[in-house]
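Below is one structure, written out as structure tokens; comments come after it.
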Amino acid sequence: MEQWEKIADLFLEKKHFAFFDCAYQGFASGDLDRDASAVRYFEQRGVPMLVCQSFAKNAGLYGERVGALHIIGVDKPATDRIRSQVSVLQRSEISNPPSHGARIMALILNDGALFAQWQEDVKTMAHRIIDMREKLYNELTNVLHTPGNWDHILRQIGMFRFVSFANAFCSRLRVRGYYSFTGLNAEQSKAMVERAHIYLTNNGRISMAGLNSKNLRYVAESIDKAVKGEL
């Protein structure tokens with residue numbers, strides 16, 4: 001939190017307005033409260049901000065696109081003015097969105113037993129991803145002896161990552177959430193998709209959630225071949 005404290009000091013000093021994107025709360029550490037600590041600290045310090053929150057991933061409601069926009073102004077009149085403008089924008093852009101997902105989430109958040117179960121489910125998911133990271137790292141480093149430094153696999157946090165062929169670049173990354181980055185260039189990423197049928201974006205962004213005990217070795221071997229130019 002020391003770094004967040006310094007950032008908050010700077011925001012207050014320069015009168016900045018913060019914007020937090022909480023798309024993967026709980027998937028960084030497995031703890032909903034821990035992952036929200038920076039946002040809550042800024043609120044305690046009185047930093048005005050917008051907080052975008054999504055339940056699409058951490059509640060398994062991706063198709064419903066459920067979320068919320070939280071507004072914290074410098075004072076209540078300022079917050080009321082912002083809310084008024086957002087309401088106008090909401091009316092023209094969205095109007096009446098489906099309520100199915102929102103009602104499901106409201107039920108979970110307002111029922112003690114369901115909320116506790118959801119917390120455990122989020123923790124299970126986060127820890128499974130951490131386990132996949134550790135196993136992929138072991139395959140590349142200790143089993144296949146793939147060229148390069150793969151420590152970034154353990155340093156990055158969340159469901160998506162860069163598999164790093166540009167190790168110097170990825171060693172400086174600390175990625176949280178669903179997505180992380182491999183560091184593959186466009187040509188290597190294309191080879192992974194077309195020859196190994198492992199799907200990632202051209203900039204090397206890949207889903208850790210797609211890894212499991214059955215495909216982990218295949219993914220590791222494909223990365224190894226791509227690094228060596230043998231794929």
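By convention in this document, the chains of the structure tokens carry letters A, B, ... by their order, each chain's residues are numbered from 1, and ligands are numbered from 1 in the order they are shown.
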
Report the residues of segment 3-228 of chain A whose backbone DSSP state falls under alpha helix (DSSP H), written as an MDAnalysis selection string. chainID A and resid 3:14 32:35 37:45 76:93 100:109 112:138 152:155 167:170 186:194 216:228

So which bits of segment 18-202 of chain A end up strand (DSSP E) when you DSSP the backbone, as a list in words? Ala18, Phe19, Phe20, Asp21, Cys22, Met49, Leu50, Val51, Cys52, Gln53, Ser54, Gly67, Ala68, Leu69, His70, Ile71, Ile72, Phe160, Arg161, Phe162, Ser180 and Phe181 of chain A

Using only C-alpha atoms, please write the residues we just selected to a file, as a PDB file, in the first residue's frame.
```pdb
ATOM      1  CA  ALA A  18      -9.079   9.143 -10.298  1.00  0.00           C
ATOM      2  CA  PHE A  19     -10.594   6.440 -12.497  1.00  0.00           C
ATOM      3  CA  PHE A  20     -10.431   2.856 -11.231  1.00  0.00           C
ATOM      4  CA  ASP A  21     -11.360  -0.102 -13.424  1.00  0.00           C
ATOM      5  CA  CYS A  22     -12.337  -3.027 -11.157  1.00  0.00           C
ATOM      6  CA  MET A  49     -13.088   9.339  -8.509  1.00  0.00           C
ATOM      7  CA  LEU A  50     -15.083   7.099 -10.782  1.00  0.00           C
ATOM      8  CA  VAL A  51     -15.002   3.359 -10.139  1.00  0.00           C
ATOM      9  CA  CYS A  52     -16.071   0.971 -12.877  1.00  0.00           C
ATOM     10  CA  GLN A  53     -16.977  -2.396 -11.412  1.00  0.00           C
ATOM     11  CA  SER A  54     -17.808  -5.542 -13.356  1.00  0.00           C
ATOM     12  CA  GLY A  67     -21.538  -3.935 -13.577  1.00  0.00           C
ATOM     13  CA  ALA A  68     -21.790  -0.584 -11.870  1.00  0.00           C
ATOM     14  CA  LEU A  69     -20.334   2.905 -12.083  1.00  0.00           C
ATOM     15  CA  HIS A  70     -19.575   4.404  -8.670  1.00  0.00           C
ATOM     16  CA  ILE A  71     -19.174   8.177  -8.404  1.00  0.00           C
ATOM     17  CA  ILE A  72     -17.341   9.931  -5.580  1.00  0.00           C
ATOM     18  CA  PHE A 160      -4.503 -13.529 -18.740  1.00  0.00           C
ATOM     19  CA  ARG A 161      -0.838 -13.096 -19.398  1.00  0.00           C
ATOM     20  CA  PHE A 162       1.969 -12.474 -21.854  1.00  0.00           C
ATOM     21  CA  SER A 180      -1.640 -10.962 -19.132  1.00  0.00           C
ATOM     22  CA  PHE A 181       0.917 -10.787 -21.878  1.00  0.00           C
TER      23      PHE A 181
END
```

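Of the residues listed (A:Ala186, A:Pro98, A:Val122, A:Thr141), A:Val122 shows the shortest atom-to-atom separation from Ala28 of chain A; distances use only C-alpha atoms.
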
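Atom CA of Glu43 of chain A sits 25.0 Å away from atom CA of Lys123 of chain A.
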
So that I can check the surroundings of Asn185 of chain A, please list as an MDAnalysis selection string every protein, DNA and RNA residue that reaches within 7 Å of it, counting only C-alpha atoms and ignoring chain neighbours fewer than 6 positions away. chainID A and resid 202:204

Keeping only C-alpha atoms, write the selected residues as a PDB file, in the first residue's frame.
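Below is the file selection.pdb, written as the result:
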```
ATOM      1  CA  ASN A 202      -1.222 -10.585 -32.071  1.00  0.00           C
ATOM      2  CA  ASN A 203       0.392  -8.745 -29.176  1.00  0.00           C
ATOM      3  CA  GLY A 204       0.738 -11.990 -27.205  1.00  0.00           C
TER       4      GLY A 204
END
```

Please indicate the distance in Å from atom CA of Asn110 of chain A to atom CA of Thr124 of chain A, rounded to one decimal place. 21.3 Å

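Relative to atom CA of Tyr137 of chain A, atom CA of Met125 of chain A is found at 18.6 Å.
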
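With only C-alpha atoms as the atoms that count, the residue of A:Val227, A:Ala191, A:Val47, A:Val66 with the shortest distance to Ser99 of chain A is A:Val66.
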
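The environment of Leu32 of chain A within 12 Å, counting only C-alpha atoms and disregarding residues fewer than 2 places along the same chain, consists of Cys22, Ala23, Tyr24, Gln25, Gly26, Phe27, Ala28, Ser29, Gly30, Arg34, Asp35, Ala36, Ser37, Ala38, Val39, Arg40, Phe55, Asn58, Ala59, Phe115, Ala116, Trp118, Gln119, Glu120, Asp121, Val122, Lys123 and Ala126 of chain A.
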
Just want the 9 Å neighbourhood of segment 10-17 of chain A, counted on only C-alpha atoms, with same-chain residues fewer than 3 positions away dropped. Output as a ChimeraX atom specification. /A:5-7,45-50,73

With N, CA and C atoms retained, write the just-selected residues as a CSV table (one decimal), in the first residue's frame.
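This is the output file again17.csv:
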```csv
chain,number,residue,atom,x,y,z
A,5,GLU,N,-0.3,5.0,-1.4
A,5,GLU,CA,-0.3,6.2,-0.5
A,5,GLU,C,0.4,7.3,-1.2
A,6,LYS,N,1.5,7.1,-1.8
A,6,LYS,CA,2.2,8.1,-2.5
A,6,LYS,C,1.4,8.6,-3.7
A,7,ILE,N,0.8,7.7,-4.4
A,7,ILE,CA,-0.1,8.1,-5.6
A,7,ILE,C,-1.2,9.0,-5.1
A,45,ARG,N,-9.1,8.7,1.8
A,45,ARG,CA,-8.3,9.9,1.7
A,45,ARG,C,-9.1,11.1,1.0
A,46,GLY,N,-10.3,10.8,0.5
A,46,GLY,CA,-11.1,11.9,-0.1
A,46,GLY,C,-10.8,12.2,-1.5
A,47,VAL,N,-10.2,11.3,-2.2
A,47,VAL,CA,-9.8,11.5,-3.6
A,47,VAL,C,-11.1,11.4,-4.5
A,48,PRO,N,-11.5,12.4,-5.2
A,48,PRO,CA,-12.7,12.2,-6.1
A,48,PRO,C,-12.4,11.2,-7.2
A,49,MET,N,-13.4,10.4,-7.5
A,49,MET,CA,-13.1,9.3,-8.5
A,49,MET,C,-14.3,8.7,-9.1
A,50,LEU,N,-14.1,8.0,-10.2
A,50,LEU,CA,-15.1,7.1,-10.8
A,50,LEU,C,-14.5,5.7,-10.6
A,73,GLY,N,-17.5,12.4,-5.6
A,73,GLY,CA,-17.1,13.7,-5.9
A,73,GLY,C,-16.4,14.4,-4.8
```

Between A:Ala220, A:Ile129, A:Leu154, A:Leu140, which residue has the minimum interatomic distance to Met208 of chain A, considering only C-alpha atoms? A:Ile129
